[in-house]
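Printed here is data00.pdb (PDB, C-alpha atoms):
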ATOM      1  CA  MET O   1     -18.506  49.588  13.088
ATOM      2  CA  PHE O   2     -21.811  48.157  11.920
ATOM      3  CA  SER O   3     -21.114  47.993   8.185
ATOM      4  CA  ALA O   4     -23.778  46.111   6.306
ATOM      5  CA  ILE O   5     -23.062  42.974   4.293
ATOM      6  CA  LYS O   6     -24.851  43.402   1.015
ATOM      7  CA  MET O   7     -26.311  40.448  -0.857
ATOM      8  CA  LYS O   8     -24.653  41.658  -4.047
ATOM      9  CA  ASP O   9     -21.307  40.957  -2.371
ATOM     10  CA  ILE O  10     -22.047  37.228  -2.035
ATOM     11  CA  ILE O  11     -20.411  35.144  -4.763
ATOM     12  CA  THR O  12     -22.500  32.554  -6.611
ATOM     13  CA  LEU O  13     -22.136  30.876  -9.989
ATOM     14  CA  GLU O  14     -24.832  33.206 -11.268
ATOM     15  CA  ASN O  15     -22.964  36.427 -10.516
ATOM     16  CA  ILE O  16     -19.348  35.295 -10.229
ATOM     17  CA  GLU O  17     -18.181  37.146 -13.328
ATOM     18  CA  GLN O  18     -18.932  40.421 -11.523
ATOM     19  CA  PHE O  19     -16.033  39.636  -9.178
ATOM     20  CA  SER O  20     -13.346  40.159 -11.771
ATOM     21  CA  VAL O  21     -10.279  42.286 -12.354
ATOM     22  CA  PRO O  22      -8.974  43.799 -15.601
ATOM     23  CA  ILE O  23      -7.268  41.100 -17.618
ATOM     24  CA  GLU O  24      -4.226  43.381 -17.991
ATOM     25  CA  GLU O  25      -3.686  43.171 -14.214
ATOM     26  CA  HIS O  26      -3.864  39.384 -14.013
ATOM     27  CA  PRO O  27      -0.600  37.398 -13.720
ATOM     28  CA  LEU O  28      -1.811  34.964 -16.395
ATOM     29  CA  LYS O  29      -2.640  37.585 -18.995
ATOM     30  CA  TRP O  30       0.090  36.141 -21.219
ATOM     31  CA  MET O  31      -2.202  33.202 -21.958
ATOM     32  CA  PHE O  32      -4.478  35.468 -23.988
ATOM     33  CA  LEU O  33      -2.006  37.721 -25.797
ATOM     34  CA  ASP O  34      -2.219  37.867 -29.561
ATOM     35  CA  ASN O  35       0.961  36.432 -31.072
ATOM     36  CA  GLU O  36       1.245  39.238 -33.604
ATOM     37  CA  THR O  37       0.327  42.281 -31.517
ATOM     38  CA  SER O  38       1.265  41.018 -28.016
ATOM     39  CA  SER O  39      -2.017  42.515 -26.766
ATOM     40  CA  ILE O  40      -5.635  41.542 -26.184
ATOM     41  CA  SER O  41      -8.284  43.104 -28.401
ATOM     42  CA  ASP O  42     -11.283  44.839 -26.841
ATOM     43  CA  GLU O  43     -13.545  42.253 -28.466
ATOM     44  CA  HIS O  44     -11.728  39.461 -26.674
ATOM     45  CA  LYS O  45     -11.521  41.341 -23.372
ATOM     46  CA  ASP O  46     -15.317  41.409 -23.350
ATOM     47  CA  GLN O  47     -15.330  37.611 -23.499
ATOM     48  CA  ILE O  48     -12.759  36.901 -20.768
ATOM     49  CA  PHE O  49     -13.406  37.563 -17.082
ATOM     50  CA  ALA O  50     -10.328  37.253 -14.870
ATOM     51  CA  LEU O  51     -11.656  36.455 -11.400
ATOM     52  CA  ASN O  52     -10.318  38.100  -8.273
ATOM     53  CA  SER O  53      -8.755  35.792  -5.680
ATOM     54  CA  GLN O  54     -11.958  35.381  -3.643
ATOM     55  CA  ALA O  55     -14.058  34.431  -6.678
ATOM     56  CA  ALA O  56     -11.321  32.128  -7.988
ATOM     57  CA  ASN O  57     -11.212  30.350  -4.641
ATOM     58  CA  PHE O  58     -15.010  30.012  -4.640
ATOM     59  CA  LEU O  59     -14.901  28.430  -8.111
ATOM     60  CA  TRP O  60     -12.107  26.075  -7.069
ATOM     61  CA  ASN O  61     -14.123  24.921  -4.045
ATOM     62  CA  VAL O  62     -17.323  24.440  -6.052
ATOM     63  CA  GLU O  63     -15.520  22.300  -8.600
ATOM     64  CA  SER O  64     -14.017  20.232  -5.790
ATOM     65  CA  GLN O  65     -17.322  19.938  -3.935
ATOM     66  CA  PHE O  66     -19.261  18.580  -6.900
ATOM     67  CA  LYS O  67     -16.440  16.210  -7.896
ATOM     68  CA  ILE O  68     -17.131  16.897 -11.539
ATOM     69  CA  PHE O  69     -13.832  15.374 -12.636
ATOM     70  CA  GLY O  70     -13.518  12.395 -10.321
ATOM     71  CA  LYS O  71     -12.363   8.947 -11.406
ATOM     72  CA  GLU O  72     -15.849   8.207 -12.768
ATOM     73  CA  PHE O  73     -15.375  10.913 -15.383
ATOM     74  CA  PHE O  74     -12.116   9.473 -16.714
ATOM     75  CA  GLN O  75     -13.550   5.962 -16.688
ATOM     76  CA  GLY O  76     -16.455   7.091 -18.858
ATOM     77  CA  GLU O  77     -19.053   6.457 -16.136
ATOM     78  CA  PHE O  78     -20.223  10.029 -15.616
ATOM     79  CA  PHE O  79     -21.675  10.875 -19.032
ATOM     80  CA  GLN O  80     -23.516   8.910 -21.661
ATOM     81  CA  ASP O  81     -21.215  10.094 -24.461
ATOM     82  CA  ASN O  82     -17.455  10.073 -23.925
ATOM     83  CA  ILE O  83     -14.509  10.927 -26.156
ATOM     84  CA  LYS O  84     -10.794  10.475 -25.533
ATOM     85  CA  TRP O  85      -8.378  12.142 -27.925
ATOM     86  CA  ASN O  86      -4.612  12.336 -27.981
ATOM     87  CA  SER O  87      -3.322  15.691 -29.197
ATOM     88  CA  GLU O  88       0.347  14.748 -29.261
ATOM     89  CA  ASP O  89       1.946  15.790 -32.552
ATOM     90  CA  LYS O  90      -1.313  17.462 -33.613
ATOM     91  CA  SER O  91      -1.117  20.861 -35.280
ATOM     92  CA  ASP O  92      -2.650  24.029 -33.910
ATOM     93  CA  GLN O  93      -5.399  23.856 -36.508
ATOM     94  CA  GLU O  94      -6.149  20.205 -35.756
ATOM     95  CA  ILE O  95      -6.621  20.948 -32.060
ATOM     96  CA  LYS O  96      -8.853  23.925 -32.825
ATOM     97  CA  LYS O  97     -10.914  21.787 -35.201
ATOM     98  CA  TRP O  98     -11.337  19.050 -32.590
ATOM     99  CA  LEU O  99     -12.509  21.552 -29.964
ATOM    100  CA  TYR O 100     -14.830  23.177 -32.490
ATOM    101  CA  ASN O 101     -16.375  19.815 -33.375
ATOM    102  CA  LEU O 102     -17.447  19.320 -29.757
ATOM    103  CA  SER O 103     -20.376  21.540 -30.842
ATOM    104  CA  ILE O 104     -20.385  23.839 -27.826
ATOM    105  CA  PRO O 105     -21.834  27.243 -28.824
ATOM    106  CA  PHE O 106     -19.177  29.935 -29.229
ATOM    107  CA  SER O 107     -21.044  32.287 -26.873
ATOM    108  CA  ASN O 108     -21.395  29.716 -24.093
ATOM    109  CA  LYS O 109     -19.620  30.943 -20.947
ATOM    110  CA  VAL O 110     -17.476  28.337 -19.255
ATOM    111  CA  PHE O 111     -15.572  28.039 -15.986
ATOM    112  CA  VAL O 112     -11.797  27.642 -15.987
ATOM    113  CA  SER O 113     -10.327  27.010 -12.542
ATOM    114  CA  ILE O 114      -6.537  26.893 -12.688
ATOM    115  CA  GLN O 115      -5.477  27.271  -9.050
ATOM    116  CA  PRO O 116      -7.275  28.307  -5.846
ATOM    117  CA  ALA O 117      -6.289  31.933  -6.522
ATOM    118  CA  TRP O 118      -6.558  31.898 -10.319
ATOM    119  CA  GLY O 119      -9.714  31.365 -12.306
ATOM    120  CA  PHE O 120     -11.542  32.649 -15.362
ATOM    121  CA  ILE O 121     -14.906  32.771 -17.010
ATOM    122  CA  MET O 122     -14.774  32.972 -20.785
ATOM    123  CA  THR O 123     -16.729  32.112 -23.868
ATOM    124  CA  TRP O 124     -16.086  28.806 -25.583
ATOM    125  CA  LYS O 125     -14.787  30.813 -28.521
ATOM    126  CA  MET O 126     -11.982  32.108 -26.304
ATOM    127  CA  VAL O 127     -11.177  28.576 -25.155
ATOM    128  CA  ILE O 128     -10.632  27.522 -28.762
ATOM    129  CA  LYS O 129      -8.630  30.643 -29.633
ATOM    130  CA  ASN O 130      -6.377  30.386 -26.568
ATOM    131  CA  HIS O 131      -6.097  26.613 -26.369
ATOM    132  CA  ASP O 132      -2.299  26.728 -26.573
ATOM    133  CA  GLY O 133      -2.151  28.765 -23.360
ATOM    134  CA  LEU O 134      -4.853  26.843 -21.512
ATOM    135  CA  PHE O 135      -3.717  23.337 -22.391
ATOM    136  CA  ARG O 136      -0.002  23.131 -21.721
ATOM    137  CA  ALA O 137       2.031  21.340 -19.048
ATOM    138  CA  ASN O 138      -0.669  21.288 -16.366
ATOM    139  CA  ASP O 139      -3.922  19.370 -16.106
ATOM    140  CA  GLN O 140      -6.925  21.551 -16.869
ATOM    141  CA  THR O 141     -10.693  21.185 -16.616
ATOM    142  CA  ILE O 142     -13.494  23.203 -18.205
ATOM    143  CA  TRP O 143     -17.244  23.059 -17.584
ATOM    144  CA  ASP O 144     -20.335  25.245 -17.364
ATOM    145  CA  LYS O 145     -23.165  25.699 -14.876
ATOM    146  CA  THR O 146     -25.418  23.139 -16.585
ATOM    147  CA  LEU O 147     -23.039  20.412 -15.352
ATOM    148  CA  ASN O 148     -24.143  18.468 -18.414
ATOM    149  CA  TRP O 149     -20.732  18.282 -20.052
ATOM    150  CA  GLY O 150     -17.103  18.501 -19.071
ATOM    151  CA  LEU O 151     -13.706  18.739 -20.727
ATOM    152  CA  ALA O 152     -10.469  17.657 -19.104
ATOM    153  CA  TYR O 153      -6.936  17.957 -20.425
ATOM    154  CA  ASP O 154      -4.229  15.679 -19.108
ATOM    155  CA  HIS O 155      -0.671  16.990 -19.217
ATOM    156  CA  ASN O 156       0.223  13.926 -21.281
ATOM    157  CA  ASP O 157      -1.647  15.539 -24.194
ATOM    158  CA  GLU O 158      -4.849  13.566 -23.616
ATOM    159  CA  PHE O 159      -8.242  15.242 -23.912
ATOM    160  CA  TYR O 160     -11.319  13.726 -22.256
ATOM    161  CA  PHE O 161     -14.779  15.007 -23.114
ATOM    162  CA  GLY O 162     -18.116  13.863 -21.749
ATOM    163  CA  LYS O 163     -21.648  15.067 -22.374
ATOM    164  CA  ASN O 164     -25.215  14.088 -21.501
ATOM    165  CA  ARG O 165     -24.679  13.374 -17.866
ATOM    166  CA  ILE O 166     -25.963  10.053 -16.608
ATOM    167  CA  TYR O 167     -27.175  11.744 -13.447
ATOM    168  CA  ASN O 168     -30.187  13.971 -13.884
ATOM    169  CA  SER O 169     -28.548  17.324 -14.625
ATOM    170  CA  ASP O 170     -31.705  19.121 -13.447
ATOM    171  CA  ILE O 171     -31.353  17.511 -10.034
ATOM    172  CA  GLU O 172     -27.696  18.479  -9.845
ATOM    173  CA  SER O 173     -28.566  22.031 -10.870
ATOM    174  CA  GLU O 174     -31.151  22.068  -8.082
ATOM    175  CA  LYS O 175     -28.441  20.994  -5.664
ATOM    176  CA  LEU O 176     -26.301  23.867  -6.858
ATOM    177  CA  ALA O 177     -29.204  26.290  -6.446
ATOM    178  CA  GLU O 178     -29.747  24.928  -2.933
ATOM    179  CA  HIS O 179     -26.075  25.462  -2.181
ATOM    180  CA  ASN O 180     -26.317  29.100  -3.264
ATOM    181  CA  ARG O 181     -29.564  29.559  -1.309
ATOM    182  CA  MET O 182     -27.909  28.281   1.859
ATOM    183  CA  ILE O 183     -25.077  30.772   1.414
ATOM    184  CA  GLN O 184     -27.544  33.626   0.992
ATOM    185  CA  GLU O 185     -29.580  32.588   4.048
ATOM    186  CA  ALA O 186     -26.432  32.377   6.145
ATOM    187  CA  MET O 187     -25.361  35.869   5.120
ATOM    188  CA  GLU O 188     -28.862  37.218   5.772
ATOM    189  CA  GLN O 189     -28.748  35.730   9.269
ATOM    190  CA  ILE O 190     -25.371  37.366   9.893
ATOM    191  CA  GLU O 191     -26.815  40.700   8.803
ATOM    192  CA  LYS O 192     -29.887  40.195  10.994
ATOM    193  CA  ASN O 193     -27.757  39.395  14.037
ATOM    194  CA  LYS O 194     -25.660  42.500  13.445
ATOM    195  CA  ASN O 195     -28.765  44.646  13.287
ATOM    196  CA  ILE O 196     -30.032  43.167  16.566
ATOM    197  CA  LYS O 197     -26.717  43.867  18.284
ATOM    198  CA  ARG O 198     -26.691  47.400  16.902
ATOM    199  CA  ASP O 199     -30.209  48.084  18.186
ATOM    200  CA  LYS O 200     -29.342  46.769  21.653
ATOM    201  CA  PHE O 201     -26.216  48.893  21.671
ATOM    202  CA  LEU O 202     -28.134  52.044  20.762
ATOM    203  CA  GLN O 203     -30.804  51.311  23.377
ATOM    204  CA  ASN O 204     -28.268  51.004  26.162
ATOM    205  CA  PRO O 205     -29.455  53.489  28.888
ATOM    206  CA  TYR O 206     -25.909  54.182  29.997
ATOM    207  CA  LEU O 207     -25.030  55.180  26.446
ATOM    208  CA  ILE O 208     -28.019  57.544  26.373
ATOM    209  CA  ASP O 209     -27.077  59.090  29.738
ATOM    210  CA  ARG O 210     -23.542  59.719  28.605
ATOM    211  CA  ASN O 211     -24.764  61.420  25.451
ATOM    212  CA  LYS O 212     -27.073  63.667  27.486
ATOM    213  CA  SER O 213     -24.340  64.566  29.911
ATOM    214  CA  LYS O 214     -22.340  65.985  27.037
ATOM    215  CA  GLU O 215     -25.119  68.395  26.029
TER     216      GLU O 215
END
Would you kindly transcribe this structure into structure tokens?
Amino acid sequence: MFSAIKMKDIITLENIEQFSVPIEEHPLKWMFLDNETSSISDEHKDQIFALNSQAANFLWNVESQFKIFGKEFFQGEFFQDNIKWNSEDKSDQEIKKWLYNLSIPFSNKVFVSIQPAWGFIMTWKMVIKNHDGLFRANDQTIWDKTLNWGLAYDHNDEFYFGKNRIYNSDIESEKLAEHNRMIQEAMEQIEKNKNIKRDKFLQNPYLIDRNKSKE
């Protein structure tokens, strides 16, 4: 009746990968299957976190809240350095090479929000390897928690990449930290209020009398 809400159960960008499900159970697992073996190697499983529906929805809302890929991004007004590249008629190797040349570290974990109920965290290496599944008929965006770069794919085979944000990325990161802090404080207040109600309930004299009458 008075179950506690634990802080570890609150989703933030810092711990979101903990709220994941086995990739084999995810409806989009096909995106990561090896063409030759029709499976996902253990090495690659360790680099792909399929988010549960609650975490995926959180990521979707965060991306929407910070408007990372608004019209300013596509107009080249969000970052100091901007690249537009058309991948139509480009080979698999050419696309991989272009993504590789963006110079994002292989081990860098990035956010991939596909729909409100579907999202992933994966290394940049996995983005390059699985580009054919990630960049298909739908628009797709990829970013990381620094908010200092962003990649967008338009379903018309156009890639947009920006880096070195014009806004102070430290300030934006502080905003994100403040957002997470507010969530934590709200959940702490909920827990505190529940504890107060529980104490009042247990101190109810009529409750005590009834318990004694049963002895």
Go through the shown structure with the PyMOL selection byres ((chain O and resi 110-113) around 9) and write out the matching residues as a CSV table (one decimal) with C-alpha atoms, keeping the file's coordinate frame.
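What ended up in expr-v3.csv:
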chain,number,residue,atom,x,y,z
O,56,ALA,CA,-11.3,32.1,-8.0
O,57,ASN,CA,-11.2,30.4,-4.6
O,59,LEU,CA,-14.9,28.4,-8.1
O,60,TRP,CA,-12.1,26.1,-7.1
O,63,GLU,CA,-15.5,22.3,-8.6
O,108,ASN,CA,-21.4,29.7,-24.1
O,109,LYS,CA,-19.6,30.9,-20.9
O,114,ILE,CA,-6.5,26.9,-12.7
O,115,GLN,CA,-5.5,27.3,-9.0
O,116,PRO,CA,-7.3,28.3,-5.8
O,117,ALA,CA,-6.3,31.9,-6.5
O,118,TRP,CA,-6.6,31.9,-10.3
O,119,GLY,CA,-9.7,31.4,-12.3
O,120,PHE,CA,-11.5,32.6,-15.4
O,121,ILE,CA,-14.9,32.8,-17.0
O,122,MET,CA,-14.8,33.0,-20.8
O,123,THR,CA,-16.7,32.1,-23.9
O,124,TRP,CA,-16.1,28.8,-25.6
O,127,VAL,CA,-11.2,28.6,-25.2
O,134,LEU,CA,-4.9,26.8,-21.5
O,140,GLN,CA,-6.9,21.6,-16.9
O,141,THR,CA,-10.7,21.2,-16.6
O,142,ILE,CA,-13.5,23.2,-18.2
O,143,TRP,CA,-17.2,23.1,-17.6
O,144,ASP,CA,-20.3,25.2,-17.4
O,145,LYS,CA,-23.2,25.7,-14.9
Next on the checklist: Can you spell out as a list of chain:residue names the set of residues that the PyMOL selection byres ((chain O and resi 76) around 12) selects in the structure I just provided?
Outcome noted: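 Listing what the PyMOL selection byres ((chain O and resi 76) around 12) selects in the shown file: O:Phe69, O:Gly70, O:Lys71, O:Glu72, O:Phe73, O:Phe74, O:Gln75, O:Glu77, O:Phe78, O:Phe79, O:Gln80, O:Asp81, O:Asn82, O:Ile83, O:Lys84, O:Gly150, O:Tyr160, O:Phe161, O:Gly162, O:Lys163, O:Asn164, O:Arg165, O:Ile166.
Nearest residue to Asn148 in chain O among O:Ser103, O:Phe32, O:Pro22, O:Ile68 is O:Ile68, counting only C-alpha atoms.
Rounded to one decimal, CA of Ile95 in chain O and CA of Ser64 in chain O lie 27.3 Å from each other.
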Item to check | CA of Glu88 in chain O to CA of Asp154 in chain O, straight-line distance in Å | outcome: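 Pair CA of Asp154 in chain O / CA of Glu88 in chain O returns 11.2 Å.
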Next on the checklist: Please report the interatomic distance between CA of Asn101 in chain O and CA of Leu151 in chain O in Å with one decimal.
Outcome noted: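 For CA of Asn101 in chain O relative to CA of Leu151 in chain O, the distance reads 13.0 Å.
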Item to check | Residues matched by the PyMOL selection byres ((chain O and resi 27) around 12), written as JSON, numbers by chain | outcome: {"O": [21, 22, 23, 24, 25, 26, 28, 29, 30, 31, 32, 50, 51, 52, 53, 117, 118, 119]}
Next on the checklist: Nearest residue to Ser107 in chain O out of O:Asp132, O:Glu17, O:Asp92, O:Asp46, using only C-alpha atoms?
Outcome noted: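 Nearest to Ser107 in chain O: O:Asp46.
Restricting the calculation to all atoms listed in the file, the smallest distance between Trp149 in chain O and any of O:Ser38, O:Lys96, O:Thr12, O:Leu102 is found for O:Leu102.
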Please rebuild range 73-103 of chain O with N, CA and C atoms and return the result as a short mmCIF file (atom, residue, chain, number, x, y, z; two decimals), keeping the file's coordinate frame.
data_model
loop_
_atom_site.label_atom_id
_atom_site.label_comp_id
_atom_site.auth_asym_id
_atom_site.auth_seq_id
_atom_site.Cartn_x
_atom_site.Cartn_y
_atom_site.Cartn_z
N PHE O 73 -15.43 10.16 -14.13
CA PHE O 73 -15.38 10.91 -15.38
C PHE O 73 -14.38 10.27 -16.34
N PHE O 74 -13.17 10.01 -15.85
CA PHE O 74 -12.12 9.47 -16.71
C PHE O 74 -12.35 8.01 -17.09
N GLN O 75 -13.21 7.34 -16.35
CA GLN O 75 -13.55 5.96 -16.69
C GLN O 75 -14.79 5.88 -17.58
N GLY O 76 -15.31 7.07 -17.97
CA GLY O 76 -16.45 7.09 -18.86
C GLY O 76 -17.77 6.71 -18.20
N GLU O 77 -17.85 6.87 -16.87
CA GLU O 77 -19.05 6.46 -16.14
C GLU O 77 -19.93 7.64 -15.73
N PHE O 78 -19.52 8.84 -16.08
CA PHE O 78 -20.22 10.03 -15.62
C PHE O 78 -21.21 10.54 -16.65
N PHE O 79 -20.84 10.39 -17.93
CA PHE O 79 -21.68 10.88 -19.03
C PHE O 79 -22.02 9.74 -19.98
N GLN O 80 -23.10 9.93 -20.70
CA GLN O 80 -23.52 8.91 -21.66
C GLN O 80 -22.57 8.86 -22.86
N ASP O 81 -22.09 10.02 -23.29
CA ASP O 81 -21.22 10.09 -24.46
C ASP O 81 -19.83 10.55 -24.03
N ASN O 82 -18.81 9.78 -24.37
CA ASN O 82 -17.45 10.07 -23.92
C ASN O 82 -16.47 9.96 -25.08
N ILE O 83 -15.53 10.90 -25.11
CA ILE O 83 -14.51 10.93 -26.16
C ILE O 83 -13.14 11.08 -25.50
N LYS O 84 -12.19 10.32 -25.96
CA LYS O 84 -10.79 10.48 -25.53
C LYS O 84 -9.97 10.73 -26.79
N TRP O 85 -9.13 11.75 -26.73
CA TRP O 85 -8.38 12.14 -27.92
C TRP O 85 -6.97 12.55 -27.54
N ASN O 86 -6.00 12.00 -28.24
CA ASN O 86 -4.61 12.34 -27.98
C ASN O 86 -4.17 13.43 -28.94
N SER O 87 -3.70 14.54 -28.37
CA SER O 87 -3.32 15.69 -29.20
C SER O 87 -1.82 15.77 -29.46
N GLU O 88 -1.09 14.74 -29.03
CA GLU O 88 0.35 14.75 -29.26
C GLU O 88 0.63 14.78 -30.76
N ASP O 89 1.54 15.64 -31.15
CA ASP O 89 1.95 15.79 -32.55
C ASP O 89 0.84 16.37 -33.44
N LYS O 90 -0.25 16.85 -32.83
CA LYS O 90 -1.31 17.46 -33.61
C LYS O 90 -0.99 18.94 -33.82
N SER O 91 -1.38 19.46 -34.98
CA SER O 91 -1.12 20.86 -35.28
C SER O 91 -2.10 21.77 -34.54
N ASP O 92 -1.78 23.04 -34.53
CA ASP O 92 -2.65 24.03 -33.91
C ASP O 92 -4.05 23.98 -34.53
N GLN O 93 -4.11 23.88 -35.82
CA GLN O 93 -5.40 23.86 -36.51
C GLN O 93 -6.17 22.58 -36.21
N GLU O 94 -5.48 21.47 -36.07
CA GLU O 94 -6.15 20.20 -35.76
C GLU O 94 -6.78 20.25 -34.36
N ILE O 95 -6.08 20.84 -33.42
CA ILE O 95 -6.62 20.95 -32.06
C ILE O 95 -7.83 21.87 -32.05
N LYS O 96 -7.71 23.00 -32.74
CA LYS O 96 -8.85 23.92 -32.83
C LYS O 96 -10.06 23.24 -33.46
N LYS O 97 -9.82 22.47 -34.51
CA LYS O 97 -10.91 21.79 -35.20
C LYS O 97 -11.58 20.77 -34.29
N TRP O 98 -10.77 20.04 -33.51
CA TRP O 98 -11.34 19.05 -32.59
C TRP O 98 -12.21 19.72 -31.54
N LEU O 99 -11.72 20.82 -30.97
CA LEU O 99 -12.51 21.55 -29.96
C LEU O 99 -13.79 22.12 -30.58
N TYR O 100 -13.66 22.63 -31.79
CA TYR O 100 -14.83 23.18 -32.49
C TYR O 100 -15.88 22.10 -32.72
N ASN O 101 -15.45 20.91 -33.06
CA ASN O 101 -16.38 19.82 -33.38
C ASN O 101 -17.07 19.24 -32.13
N LEU O 102 -16.71 19.73 -30.96
CA LEU O 102 -17.45 19.32 -29.76
C LEU O 102 -18.83 19.96 -29.73
N SER O 103 -19.05 20.92 -30.63
CA SER O 103 -20.38 21.54 -30.84
C SER O 103 -20.90 22.31 -29.63
#
